[in-house]
file model_23.cif (mmCIF, C-alpha atoms)
data_query
loop_
_atom_site.label_atom_id
_atom_site.label_comp_id
_atom_site.auth_asym_id
_atom_site.auth_seq_id
_atom_site.Cartn_x
_atom_site.Cartn_y
_atom_site.Cartn_z
CA MET L 1 -24.09 -15.65 -14.45
CA THR L 2 -22.39 -18.65 -16.01
CA ALA L 3 -20.28 -20.99 -13.87
CA THR L 4 -17.10 -19.37 -15.25
CA GLN L 5 -18.37 -15.90 -14.36
CA GLN L 6 -19.20 -17.11 -10.86
CA ILE L 7 -15.70 -18.51 -10.42
CA ILE L 8 -14.18 -15.24 -11.65
CA THR L 9 -16.37 -13.28 -9.20
CA ILE L 10 -15.23 -15.49 -6.30
CA ILE L 11 -11.59 -15.08 -7.36
CA MET L 12 -12.04 -11.28 -7.38
CA VAL L 13 -13.43 -11.42 -3.83
CA VAL L 14 -10.47 -13.58 -2.75
CA LEU L 15 -8.07 -11.09 -4.37
CA GLY L 16 -9.84 -8.14 -2.72
CA THR L 17 -9.67 -9.77 0.71
CA MET L 18 -6.03 -10.71 0.25
CA THR L 19 -5.22 -7.15 -0.86
CA THR L 20 -6.58 -5.76 2.43
CA ARG L 21 -4.63 -8.34 4.43
CA PHE L 22 -1.30 -8.33 2.56
CA LEU L 23 -0.98 -4.66 1.54
CA PRO L 24 0.63 -3.38 4.78
CA PHE L 25 3.18 -6.21 4.63
CA ILE L 26 3.95 -5.50 0.97
CA LEU L 27 4.31 -1.75 1.57
CA PHE L 28 6.51 -2.23 4.64
CA PRO L 29 8.57 -5.40 4.12
CA ALA L 30 10.83 -6.82 6.83
CA ASN L 31 14.04 -6.25 4.87
CA LYS L 32 13.47 -2.49 4.60
CA ALA L 33 13.26 -0.01 7.46
CA THR L 34 9.62 0.81 8.20
CA PRO L 35 9.05 4.59 8.40
CA VAL L 36 9.16 5.81 11.98
CA PHE L 37 5.61 7.17 11.92
CA ILE L 38 4.26 3.77 10.84
CA GLN L 39 6.20 2.10 13.67
CA SER L 40 4.77 4.59 16.17
CA LEU L 41 1.31 4.13 14.71
CA GLY L 42 1.65 0.34 14.94
CA LYS L 43 2.09 0.66 18.71
CA VAL L 44 -1.14 2.55 19.35
CA LEU L 45 -3.24 1.11 16.54
CA PRO L 46 -4.10 -2.28 18.13
CA SER L 47 -6.25 -0.73 20.88
CA ALA L 48 -7.97 1.56 18.38
CA ALA L 49 -8.57 -1.35 15.96
CA LEU L 50 -10.13 -3.43 18.75
CA GLY L 51 -12.33 -0.46 19.69
CA LEU L 52 -13.43 -0.18 16.06
CA LEU L 53 -14.17 -3.89 15.99
CA VAL L 54 -16.40 -3.78 19.09
CA ILE L 55 -18.56 -1.11 17.46
CA TYR L 56 -18.47 -3.07 14.18
CA CYS L 57 -19.95 -6.09 15.99
CA LEU L 58 -22.76 -4.01 17.42
CA LYS L 59 -23.44 -2.04 14.21
CA ASP L 60 -26.73 -3.70 13.35
CA ILE L 61 -28.44 -2.72 16.59
CA ASN L 62 -31.34 -0.39 15.91
CA LEU L 63 -31.95 1.80 18.94
CA LEU L 64 -35.08 3.36 17.48
CA ALA L 65 -37.06 0.29 16.39
CA GLY L 66 -37.73 -3.35 17.19
CA ASN L 67 -36.38 -4.26 20.63
CA HIS L 68 -34.17 -1.09 20.61
CA GLY L 69 -31.04 -3.20 21.02
CA ILE L 70 -31.94 -3.81 24.67
CA PRO L 71 -30.91 -7.52 24.68
CA GLU L 72 -27.57 -6.69 23.05
CA LEU L 73 -26.85 -3.82 25.42
CA ILE L 74 -27.84 -5.78 28.55
CA ALA L 75 -25.82 -8.83 27.49
CA ALA L 76 -22.82 -6.66 26.53
CA ALA L 77 -22.95 -4.90 29.92
CA PHE L 78 -23.18 -8.28 31.63
CA VAL L 79 -20.08 -9.50 29.77
CA VAL L 80 -18.15 -6.43 30.94
CA ILE L 81 -19.26 -6.76 34.58
CA LEU L 82 -18.65 -10.51 34.71
CA HIS L 83 -15.25 -10.12 33.15
CA VAL L 84 -14.11 -7.32 35.45
CA TYR L 85 -15.15 -9.37 38.51
CA LYS L 86 -14.04 -12.85 37.49
CA ARG L 87 -11.45 -12.17 34.75
CA ASN L 88 -12.25 -15.53 33.17
CA MET L 89 -12.51 -15.19 29.41
CA LEU L 90 -14.56 -18.31 28.68
CA LEU L 91 -16.91 -17.70 31.61
CA SER L 92 -17.60 -14.11 30.50
CA ILE L 93 -18.25 -15.15 26.91
CA ALA L 94 -20.42 -18.15 27.79
CA GLY L 95 -22.34 -16.20 30.45
CA GLY L 96 -23.01 -13.25 28.15
CA THR L 97 -24.07 -15.44 25.25
CA PHE L 98 -26.36 -17.53 27.44
CA LEU L 99 -27.98 -14.40 28.88
CA TYR L 100 -28.46 -13.01 25.36
CA MET L 101 -30.14 -16.21 24.16
CA VAL L 102 -32.47 -16.19 27.17
CA LEU L 103 -33.28 -12.50 26.68
CA ILE L 104 -34.23 -12.77 23.02
CA SER L 105 -36.26 -15.94 23.48
CA VAL L 106 -38.11 -14.94 26.67
CA PHE L 107 -38.49 -11.18 26.70
CA PHE L 108 -38.18 -9.82 23.19
CA MET R 1034 3.18 -34.69 12.73
CA PHE R 1035 4.12 -31.95 15.22
CA ASN R 1036 7.20 -31.80 17.43
CA VAL R 1037 7.15 -31.28 21.20
CA LYS R 1038 7.55 -27.52 20.92
CA GLN R 1039 4.65 -27.25 18.48
CA LYS R 1040 2.51 -29.43 20.71
CA SER R 1041 3.03 -27.06 23.62
CA ALA R 1042 2.09 -24.15 21.32
CA PHE R 1043 -1.06 -26.01 20.33
CA LYS R 1044 -1.97 -26.59 23.98
CA ALA R 1045 -1.42 -22.91 24.76
CA ALA R 1046 -3.45 -21.75 21.74
CA PHE R 1047 -6.42 -24.10 21.84
CA PRO R 1048 -8.27 -22.69 24.92
CA TYR R 1049 -8.29 -19.20 23.35
CA THR R 1050 -10.08 -20.59 20.31
CA LEU R 1051 -12.93 -22.28 22.20
CA PRO R 1052 -15.35 -19.33 21.91
CA ILE R 1053 -14.54 -19.20 18.20
CA LEU R 1054 -15.15 -22.93 17.89
CA THR R 1055 -18.69 -22.25 19.08
CA GLY R 1056 -19.19 -19.06 17.08
CA PHE R 1057 -17.66 -20.20 13.81
CA LEU R 1058 -19.37 -23.58 13.80
CA PHE R 1059 -22.68 -21.84 14.36
CA LEU R 1060 -22.15 -19.03 11.84
CA GLY R 1061 -20.47 -21.40 9.39
CA ILE R 1062 -23.45 -23.74 9.51
CA ALA R 1063 -25.76 -20.75 9.01
CA TYR R 1064 -23.66 -19.70 6.01
CA GLY R 1065 -23.71 -23.20 4.48
CA ILE R 1066 -27.48 -23.41 4.89
CA TYR R 1067 -27.92 -19.91 3.46
CA MET R 1068 -25.87 -20.70 0.34
CA THR R 1069 -27.62 -23.97 -0.41
CA SER R 1070 -31.02 -22.34 0.24
CA LEU R 1071 -30.14 -19.88 -2.56
CA GLY R 1072 -29.63 -22.85 -4.86
CA PHE R 1073 -25.83 -23.09 -4.85
CA SER R 1074 -24.09 -26.46 -4.87
CA PRO R 1075 -22.46 -27.30 -1.48
CA ILE R 1076 -19.04 -26.96 -3.10
CA PHE R 1077 -19.55 -23.15 -3.24
CA PRO R 1078 -19.77 -22.46 0.51
CA ILE R 1079 -17.06 -25.06 1.18
CA LEU R 1080 -14.52 -23.51 -1.22
CA MET R 1081 -15.54 -19.93 -0.41
CA SER R 1082 -15.10 -20.49 3.33
CA LEU R 1083 -11.70 -22.03 2.63
CA PHE R 1084 -10.36 -19.36 0.27
CA ILE R 1085 -12.16 -16.12 1.15
CA PHE R 1086 -12.21 -16.75 4.92
CA ALA R 1087 -13.86 -13.45 5.77
CA GLY R 1088 -17.29 -14.16 7.23
CA SER R 1089 -19.33 -11.08 6.42
CA MET R 1090 -17.84 -10.81 2.93
CA GLU R 1091 -18.86 -14.38 2.15
CA PHE R 1092 -22.49 -13.54 2.83
CA VAL R 1093 -22.11 -10.46 0.59
CA THR R 1094 -20.55 -12.63 -2.13
CA ALA R 1095 -23.67 -14.81 -2.19
CA ASN R 1096 -25.60 -11.73 -3.33
CA LEU R 1097 -22.91 -10.77 -5.84
CA LEU R 1098 -23.19 -14.20 -7.44
CA LEU R 1099 -26.91 -13.74 -7.88
CA SER R 1100 -26.63 -10.34 -9.58
CA GLY R 1101 -25.06 -9.31 -12.88
CA PHE R 1102 -21.44 -10.15 -13.72
CA ASN R 1103 -19.21 -7.30 -12.55
CA PRO R 1104 -15.72 -8.51 -11.52
CA ILE R 1105 -14.22 -5.04 -10.94
CA GLY R 1106 -17.24 -4.05 -8.86
CA ALA R 1107 -16.84 -7.24 -6.82
CA PHE R 1108 -13.17 -6.44 -6.21
CA LEU R 1109 -13.85 -2.84 -5.15
CA LEU R 1110 -16.74 -3.81 -2.90
CA THR R 1111 -14.51 -6.37 -1.19
CA LEU R 1112 -11.86 -3.70 -0.59
CA MET R 1113 -14.48 -1.56 1.10
CA VAL R 1114 -16.06 -4.31 3.21
CA ASN R 1115 -12.68 -5.63 4.34
CA ALA R 1116 -10.80 -2.33 4.62
CA ARG R 1117 -10.54 -2.80 8.41
CA HIS R 1118 -7.98 -5.57 7.75
CA LEU R 1119 -5.49 -2.86 6.72
CA PHE R 1120 -5.37 -1.80 10.38
CA TYR R 1121 -4.74 -5.37 11.45
CA GLY R 1122 -1.76 -5.67 9.11
CA LEU R 1123 -0.31 -2.38 10.32
CA SER R 1124 -0.70 -3.59 13.92
CA MET R 1125 0.91 -6.98 13.25
CA LEU R 1126 3.83 -5.94 10.98
CA ASP R 1127 6.63 -6.91 13.38
CA LYS R 1128 4.94 -9.91 14.97
CA TYR R 1129 3.99 -11.63 11.71
CA GLN R 1130 7.17 -10.74 9.85
CA ALA R 1131 9.14 -12.41 12.63
CA ALA R 1132 7.08 -15.60 12.37
CA GLY R 1133 9.17 -17.19 9.61
CA LYS R 1134 7.76 -19.49 6.96
CA VAL R 1135 4.21 -19.53 8.35
CA SER R 1136 4.04 -15.73 7.90
CA PRO R 1137 2.14 -15.78 4.55
CA TYR R 1138 -0.48 -18.11 6.01
CA LEU R 1139 -0.87 -15.92 9.12
CA ILE R 1140 -1.54 -12.92 6.86
CA PHE R 1141 -3.88 -14.90 4.59
CA GLY R 1142 -5.89 -16.12 7.60
CA MET R 1143 -6.02 -12.82 9.50
CA CYS R 1144 -9.77 -12.66 10.13
CA ASP R 1145 -11.19 -10.39 12.86
CA GLU R 1146 -11.00 -13.10 15.50
CA SER R 1147 -7.50 -14.42 14.74
CA PHE R 1148 -6.19 -10.86 14.67
CA SER R 1149 -7.88 -9.98 17.96
CA ILE R 1150 -6.43 -12.96 19.79
CA ASN R 1151 -2.97 -12.69 18.29
CA VAL R 1152 -2.63 -8.95 18.87
CA SER R 1153 -3.78 -9.07 22.49
CA THR R 1154 -2.67 -12.40 23.96
CA PRO R 1155 0.69 -12.60 25.72
CA VAL R 1156 2.38 -15.72 24.29
CA PRO R 1157 3.58 -18.03 27.11
CA PRO R 1158 7.37 -17.83 27.54
CA ASP R 1159 8.07 -21.49 26.69
CA VAL R 1160 6.14 -21.26 23.42
CA SER R 1161 7.32 -19.92 20.06
CA ALA R 1162 5.19 -16.91 19.10
CA GLY R 1163 5.08 -17.98 15.45
CA ASP R 1164 3.74 -21.44 16.38
CA PHE R 1165 1.16 -19.89 18.72
CA TYR R 1166 -0.11 -17.47 16.03
CA PHE R 1167 -0.13 -20.34 13.53
CA PHE R 1168 -2.36 -22.58 15.64
CA ILE R 1169 -4.76 -19.76 16.52
CA THR R 1170 -5.11 -18.96 12.81
CA LEU R 1171 -5.30 -22.58 11.65
CA LEU R 1172 -7.86 -23.66 14.26
CA ASN R 1173 -10.13 -20.71 13.52
CA HIS R 1174 -9.86 -21.39 9.80
CA LEU R 1175 -10.72 -25.07 10.35
CA TYR R 1176 -13.75 -24.23 12.52
CA TRP R 1177 -15.13 -21.93 9.87
CA VAL R 1178 -14.65 -24.37 6.98
CA THR R 1179 -16.05 -27.23 9.08
CA GLY R 1180 -19.13 -25.18 9.98
CA ALA R 1181 -19.77 -24.16 6.38
CA THR R 1182 -19.32 -27.76 5.23
CA ILE R 1183 -21.73 -29.13 7.83
CA GLY R 1184 -24.30 -26.46 6.96
CA ALA R 1185 -23.91 -27.02 3.21
CA LEU R 1186 -24.16 -30.81 3.35
CA PHE R 1187 -26.44 -31.49 6.31
CA GLY R 1188 -28.20 -28.17 6.98
CA SER R 1189 -31.60 -29.44 5.97
CA MET R 1190 -31.36 -32.29 8.51
CA LEU R 1191 -30.63 -30.08 11.53
CA PRO R 1192 -33.47 -30.35 14.06
CA PHE R 1193 -33.32 -26.79 15.39
CA TYR R 1194 -31.46 -23.56 15.03
CA PRO R 1195 -30.22 -21.97 18.29
CA GLN R 1196 -31.37 -18.35 18.16
CA GLY R 1197 -28.84 -15.83 19.37
CA LEU R 1198 -25.79 -18.08 19.59
CA ASP R 1199 -24.00 -15.72 17.21
CA PHE R 1200 -23.67 -13.28 20.13
CA VAL R 1201 -20.68 -15.39 21.14
CA MET R 1202 -18.56 -13.45 18.62
CA THR R 1203 -19.63 -10.07 20.03
CA ALA R 1204 -18.96 -11.30 23.56
CA LEU R 1205 -15.50 -12.51 22.50
CA LEU R 1206 -14.56 -9.14 21.02
CA ILE R 1207 -15.85 -7.25 24.05
CA VAL R 1208 -13.72 -9.45 26.31
CA ILE R 1209 -10.63 -9.03 24.13
CA PHE R 1210 -11.13 -5.25 24.07
CA LEU R 1211 -11.57 -5.27 27.85
CA GLU R 1212 -8.43 -7.35 28.40
CA GLN R 1213 -6.46 -4.89 26.29
CA TRP R 1214 -8.00 -2.04 28.28
CA LEU R 1215 -7.15 -3.56 31.68
CA LYS R 1216 -3.61 -4.27 30.50
CA GLU R 1217 -2.73 -0.75 29.36
CA ASP R 1218 -2.29 2.39 31.46
CA ASP R 1219 -3.14 4.81 28.70
CA HIS R 1220 -6.64 4.38 27.27
CA GLN R 1221 -6.41 7.22 24.77
CA SER R 1222 -6.04 5.01 21.69
CA ALA R 1223 -8.84 2.62 22.72
CA LEU R 1224 -11.17 5.55 23.35
CA ILE R 1225 -10.25 7.21 20.07
CA GLY R 1226 -10.87 3.97 18.14
CA MET R 1227 -14.18 3.30 19.78
CA GLY R 1228 -15.41 6.91 19.96
CA LEU R 1229 -14.61 7.90 16.39
CA THR R 1230 -16.12 4.65 15.06
CA LEU R 1231 -19.30 5.24 17.05
CA ILE R 1232 -19.57 8.82 15.78
CA SER R 1233 -18.98 7.59 12.23
CA LEU R 1234 -21.66 4.90 12.63
CA LEU R 1235 -24.22 7.44 13.85
CA PHE R 1236 -23.27 9.83 11.07
CA PHE R 1237 -22.87 7.54 8.05
CA GLY R 1238 -25.04 4.53 8.95
CA SER R 1239 -24.16 0.86 9.30
CA ASN R 1240 -23.33 0.26 5.63
CA ARG R 1241 -20.64 2.86 5.10
CA PHE R 1242 -19.15 3.92 8.43
CA VAL R 1243 -15.95 1.85 8.53
CA ILE R 1244 -13.81 3.74 6.02
CA PRO R 1245 -14.65 7.24 7.35
CA ALA R 1246 -13.95 5.89 10.85
CA MET R 1247 -10.57 4.52 9.75
CA ILE R 1248 -9.60 7.81 8.12
CA ALA R 1249 -10.61 9.77 11.22
CA ILE R 1250 -8.67 7.37 13.48
CA LEU R 1251 -5.54 7.72 11.32
CA LEU R 1252 -5.84 11.51 11.24
CA VAL R 1253 -5.92 11.62 15.03
CA LEU R 1254 -3.54 8.76 15.85
CA ILE R 1255 -0.67 9.53 13.47
CA PRO R 1256 0.20 12.92 14.99
CA LEU R 1257 -0.60 11.65 18.48
CA SER R 1258 1.62 8.56 18.27
CA HIS R 1259 4.38 10.68 16.77
CA GLN R 1260 4.12 13.08 19.68
CA LYS R 1261 4.20 10.21 22.22
CA GLU R 1262 7.34 8.72 20.67
CA GLY R 1263 8.93 12.17 20.85
CA LEU R 1264 8.15 12.39 24.57
CA LYS R 1265 9.83 9.06 25.23
CA GLU R 1266 13.10 10.02 23.56
#
call {"tool": "encode", "arguments": {"input": "model_23.cif", "output": "structure tokens"}}
result
Amino acid sequence: MTATQQIITIIMVVLGTMTTRFLPFILFPANKATPVFIQSLGKVLPSAALGLLVIYCLKDINLLAGNHGIPELIAAAFVVILHVYKRNMLLSIAGGTFLYMVLISVFF
Amino acid sequence: MFNVKQKSAFKAAFPYTLPILTGFLFLGIAYGIYMTSLGFSPIFPILMSLFIFAGSMEFVTANLLLSGFNPIGAFLLTLMVNARHLFYGLSMLDKYQAAGKVSPYLIFGMCDESFSINVSTPVPPDVSAGDFYFFITLLNHLYWVTGATIGALFGSMLPFYPQGLDFVMTALLIVIFLEQWLKEDDHQSALIGMGLTLISLLFFGSNRFVIPAMIAILLVLIPLSHQKEGLKE
């Protein structure tokens, strides 16, 4: 690719990303009434989107090969337990990440 | 530069971004190193982190730049990789539209992490929601660009590479999901989102599960949310 072609490719990626971010706002602008079913959907969608995102983060775990995702699953479980007990966001994240780093360097 | 009200919004927002400071600096540095190791000038990762600001897609773009020129293909691939952002927009319609003149920037900078924090965090009562969203988005953006810049310019000088630090992003999203879960009485939507995505991942594999998962979620949630609204009236 020439430099110009590279710049065009990057611009296309920027446009693609912006399309996915701006499209809902362009389809349902503030000055027009948003259809009722989109409003209802908007109320329940956040929890579903966060659920999707959790799985998205763990998507590259391979349960059948390598370390079978054991460090990820143990560290993720630890984050959940720590957070339910202490309810301290930074502590849960730091604790889980530290445990994960220890697990992959020592055991797997 | 900022007035008193904005300063209080900054103070409220900053602690929520600390995990992302760690994660984005680390991943950004990794990205900068990766790009320069492929032979790109440091200006590439710096500008791409600034303007694309979508982590996984930036790694994909590195590969696109090394293959044949195909602008339409690049555009379509980006739509697929980033399709999940459509859900974020639909979830943030009211909140971001009410944010005033920073609204376009909030939408531009709506990465996974900024969305997750802004959708789930109760804004303190003495703080303007728009200012709070703005600082969350801006700080995260700055961390990412700073990381990529450090990696691109100084990556070769770094003494070591902390293995596994990227788990900080997974831990963050688990905690945000959990907070949302503990806050709501009805877990149906969370379970639907997680369950259908998991099924889709097992069925379609890690490269192409997001869009089928989104379609399945919409097919279940649209009638369900409609029904719930009906019950309330």
call {"tool": "resolve_selection", "arguments": {"input": "model_23.cif", "expression": "the PyMOL selection byres ((chain R) within 7 of (chain L))", "output": "PyMOL selection string"}}
result
chain R and resi 1052+1084-1085+1098+1101-1102+1104+1107-1108+1111-1112+1115-1116+1118-1120+1122-1124+1126+1130+1140-1141+1143+1149+1152+1196-1198+1200-1201+1203-1208+1210+1213+1222-1223+1225-1227+1230-1231+1239+1254-1255+1258-1259+1262
call {"tool": "write_last_selection", "arguments": {"input": "model_23.cif", "atoms": "C-alpha atoms", "output": "tab-separated table (two decimals), in the frame of the given file"}}
result
chain	number	residue	atom	x	y	z
R	1052	PRO	CA	-15.35	-19.33	21.91
R	1084	PHE	CA	-10.36	-19.36	0.27
R	1085	ILE	CA	-12.16	-16.12	1.15
R	1098	LEU	CA	-23.19	-14.20	-7.44
R	1101	GLY	CA	-25.06	-9.31	-12.88
R	1102	PHE	CA	-21.44	-10.15	-13.72
R	1104	PRO	CA	-15.72	-8.51	-11.52
R	1107	ALA	CA	-16.84	-7.24	-6.82
R	1108	PHE	CA	-13.17	-6.44	-6.21
R	1111	THR	CA	-14.51	-6.37	-1.19
R	1112	LEU	CA	-11.86	-3.70	-0.59
R	1115	ASN	CA	-12.68	-5.63	4.34
R	1116	ALA	CA	-10.80	-2.33	4.62
R	1118	HIS	CA	-7.98	-5.57	7.75
R	1119	LEU	CA	-5.49	-2.86	6.72
R	1120	PHE	CA	-5.37	-1.80	10.38
R	1122	GLY	CA	-1.76	-5.67	9.11
R	1123	LEU	CA	-0.31	-2.38	10.32
R	1124	SER	CA	-0.70	-3.59	13.92
R	1126	LEU	CA	3.83	-5.94	10.98
R	1130	GLN	CA	7.17	-10.74	9.85
R	1140	ILE	CA	-1.54	-12.92	6.86
R	1141	PHE	CA	-3.88	-14.90	4.59
R	1143	MET	CA	-6.02	-12.82	9.50
R	1149	SER	CA	-7.88	-9.98	17.96
R	1152	VAL	CA	-2.63	-8.95	18.87
R	1196	GLN	CA	-31.37	-18.35	18.16
R	1197	GLY	CA	-28.84	-15.83	19.37
R	1198	LEU	CA	-25.79	-18.08	19.59
R	1200	PHE	CA	-23.67	-13.28	20.13
R	1201	VAL	CA	-20.68	-15.39	21.14
R	1203	THR	CA	-19.63	-10.07	20.03
R	1204	ALA	CA	-18.96	-11.30	23.56
R	1205	LEU	CA	-15.50	-12.51	22.50
R	1206	LEU	CA	-14.56	-9.14	21.02
R	1207	ILE	CA	-15.85	-7.25	24.05
R	1208	VAL	CA	-13.72	-9.45	26.31
R	1210	PHE	CA	-11.13	-5.25	24.07
R	1213	GLN	CA	-6.46	-4.89	26.29
R	1222	SER	CA	-6.04	5.01	21.69
R	1223	ALA	CA	-8.84	2.62	22.72
R	1225	ILE	CA	-10.25	7.21	20.07
R	1226	GLY	CA	-10.87	3.97	18.14
R	1227	MET	CA	-14.18	3.30	19.78
R	1230	THR	CA	-16.12	4.65	15.06
R	1231	LEU	CA	-19.30	5.24	17.05
R	1239	SER	CA	-24.16	0.86	9.30
R	1254	LEU	CA	-3.54	8.76	15.85
R	1255	ILE	CA	-0.67	9.53	13.47
R	1258	SER	CA	1.62	8.56	18.27
R	1259	HIS	CA	4.38	10.68	16.77
R	1262	GLU	CA	7.34	8.72	20.67
call {"tool": "atom_distance", "arguments": {"input": "model_23.cif", "atom1": "atom CA of Asp1199 of chain R", "atom2": "atom CA of Gly1056 of chain R"}}
result
5.9 Å
call {"tool": "atom_distance", "arguments": {"input": "model_23.cif", "atom1": "atom CA of Pro1048 of chain R", "atom2": "atom CA of Lys1134 of chain R"}}
result
24.3 Å
call {"tool": "resolve_selection", "arguments": {"input": "model_23.cif", "expression": "the PyMOL selection byres ((chain R and resi 1157-1169) around 8)", "output": "JSON, numbers by chain"}}
result
{"R": [1038, 1039, 1041, 1042, 1043, 1045, 1046, 1047, 1049, 1050, 1129, 1131, 1132, 1133, 1135, 1136, 1138, 1139, 1147, 1150, 1151, 1155, 1156, 1170, 1171, 1172, 1173]}
call {"tool": "resolve_selection", "arguments": {"input": "model_23.cif", "expression": "the PyMOL selection byres ((chain R and resi 1087-1093) around 8)", "output": "number ranges by chain"}}
result
L: 17; R: 1064, 1081-1082, 1085-1086, 1094-1097, 1111, 1114-1115, 1144
call {"tool": "write_last_selection", "arguments": {"input": "model_23.cif", "atoms": "C-alpha atoms", "output": "PDB file, in the frame of the given file"}}
result
ATOM      1  CA  THR L  17      -9.670  -9.770   0.710  1.00  0.00           C
TER       2      THR L  17
ATOM      3  CA  TYR R1064     -23.660 -19.700   6.010  1.00  0.00           C
ATOM      4  CA  MET R1081     -15.540 -19.930  -0.410  1.00  0.00           C
ATOM      5  CA  SER R1082     -15.100 -20.490   3.330  1.00  0.00           C
ATOM      6  CA  ILE R1085     -12.160 -16.120   1.150  1.00  0.00           C
ATOM      7  CA  PHE R1086     -12.210 -16.750   4.920  1.00  0.00           C
ATOM      8  CA  THR R1094     -20.550 -12.630  -2.130  1.00  0.00           C
ATOM      9  CA  ALA R1095     -23.670 -14.810  -2.190  1.00  0.00           C
ATOM     10  CA  ASN R1096     -25.600 -11.730  -3.330  1.00  0.00           C
ATOM     11  CA  LEU R1097     -22.910 -10.770  -5.840  1.00  0.00           C
ATOM     12  CA  THR R1111     -14.510  -6.370  -1.190  1.00  0.00           C
ATOM     13  CA  VAL R1114     -16.060  -4.310   3.210  1.00  0.00           C
ATOM     14  CA  ASN R1115     -12.680  -5.630   4.340  1.00  0.00           C
ATOM     15  CA  CYS R1144      -9.770 -12.660  10.130  1.00  0.00           C
TER      16      CYS R1144
END
call {"tool": "atom_distance", "arguments": {"input": "model_23.cif", "atom1": "atom CA of Thr1055 of chain R", "atom2": "atom CA of Ala1185 of chain R"}}
result
17.4 Å
call {"tool": "build_atoms", "arguments": {"input": "model_23.cif", "residues": "segment 88-104 of chain L", "atoms": "N, CA and C atoms", "output": "PDB file, keeping the file's coordinate frame"}}
result
ATOM      1  N   ASN L  88     -12.339 -14.218  33.818  1.00  0.00           N
ATOM      2  CA  ASN L  88     -12.250 -15.530  33.170  1.00  0.00           C
ATOM      3  C   ASN L  88     -12.908 -15.434  31.804  1.00  0.00           C
ATOM      4  N   MET L  89     -12.068 -15.465  30.778  1.00  0.00           N
ATOM      5  CA  MET L  89     -12.510 -15.190  29.410  1.00  0.00           C
ATOM      6  C   MET L  89     -13.678 -16.085  28.983  1.00  0.00           C
ATOM      7  N   LEU L  90     -13.523 -17.401  29.166  1.00  0.00           N
ATOM      8  CA  LEU L  90     -14.560 -18.310  28.680  1.00  0.00           C
ATOM      9  C   LEU L  90     -15.860 -18.145  29.460  1.00  0.00           C
ATOM     10  N   LEU L  91     -15.723 -17.911  30.791  1.00  0.00           N
ATOM     11  CA  LEU L  91     -16.910 -17.700  31.610  1.00  0.00           C
ATOM     12  C   LEU L  91     -17.672 -16.448  31.159  1.00  0.00           C
ATOM     13  N   SER L  92     -16.950 -15.361  30.910  1.00  0.00           N
ATOM     14  CA  SER L  92     -17.600 -14.110  30.500  1.00  0.00           C
ATOM     15  C   SER L  92     -18.328 -14.293  29.176  1.00  0.00           C
ATOM     16  N   ILE L  93     -17.666 -14.978  28.246  1.00  0.00           N
ATOM     17  CA  ILE L  93     -18.250 -15.150  26.910  1.00  0.00           C
ATOM     18  C   ILE L  93     -19.467 -16.077  26.979  1.00  0.00           C
ATOM     19  N   ALA L  94     -19.309 -17.204  27.693  1.00  0.00           N
ATOM     20  CA  ALA L  94     -20.420 -18.150  27.790  1.00  0.00           C
ATOM     21  C   ALA L  94     -21.593 -17.531  28.548  1.00  0.00           C
ATOM     22  N   GLY L  95     -21.288 -16.830  29.658  1.00  0.00           N
ATOM     23  CA  GLY L  95     -22.340 -16.200  30.450  1.00  0.00           C
ATOM     24  C   GLY L  95     -23.107 -15.165  29.651  1.00  0.00           C
ATOM     25  N   GLY L  96     -22.381 -14.302  28.945  1.00  0.00           N
ATOM     26  CA  GLY L  96     -23.010 -13.250  28.150  1.00  0.00           C
ATOM     27  C   GLY L  96     -23.860 -13.816  27.022  1.00  0.00           C
ATOM     28  N   THR L  97     -23.337 -14.844  26.369  1.00  0.00           N
ATOM     29  CA  THR L  97     -24.070 -15.440  25.250  1.00  0.00           C
ATOM     30  C   THR L  97     -25.330 -16.133  25.745  1.00  0.00           C
ATOM     31  N   PHE L  98     -25.204 -16.844  26.876  1.00  0.00           N
ATOM     32  CA  PHE L  98     -26.360 -17.530  27.440  1.00  0.00           C
ATOM     33  C   PHE L  98     -27.442 -16.510  27.826  1.00  0.00           C
ATOM     34  N   LEU L  99     -27.014 -15.430  28.489  1.00  0.00           N
ATOM     35  CA  LEU L  99     -27.980 -14.400  28.880  1.00  0.00           C
ATOM     36  C   LEU L  99     -28.667 -13.822  27.636  1.00  0.00           C
ATOM     37  N   TYR L 100     -27.894 -13.576  26.591  1.00  0.00           N
ATOM     38  CA  TYR L 100     -28.460 -13.010  25.360  1.00  0.00           C
ATOM     39  C   TYR L 100     -29.514 -13.950  24.770  1.00  0.00           C
ATOM     40  N   MET L 101     -29.186 -15.244  24.745  1.00  0.00           N
ATOM     41  CA  MET L 101     -30.140 -16.210  24.160  1.00  0.00           C
ATOM     42  C   MET L 101     -31.429 -16.282  24.978  1.00  0.00           C
ATOM     43  N   VAL L 102     -31.279 -16.196  26.310  1.00  0.00           N
ATOM     44  CA  VAL L 102     -32.470 -16.190  27.170  1.00  0.00           C
ATOM     45  C   VAL L 102     -33.283 -14.923  26.913  1.00  0.00           C
ATOM     46  N   LEU L 103     -32.590 -13.783  26.868  1.00  0.00           N
ATOM     47  CA  LEU L 103     -33.280 -12.500  26.680  1.00  0.00           C
ATOM     48  C   LEU L 103     -34.098 -12.475  25.400  1.00  0.00           C
ATOM     49  N   ILE L 104     -33.488 -12.885  24.283  1.00  0.00           N
ATOM     50  CA  ILE L 104     -34.230 -12.770  23.020  1.00  0.00           C
ATOM     51  C   ILE L 104     -35.339 -13.818  22.922  1.00  0.00           C
TER      52      ILE L 104
END
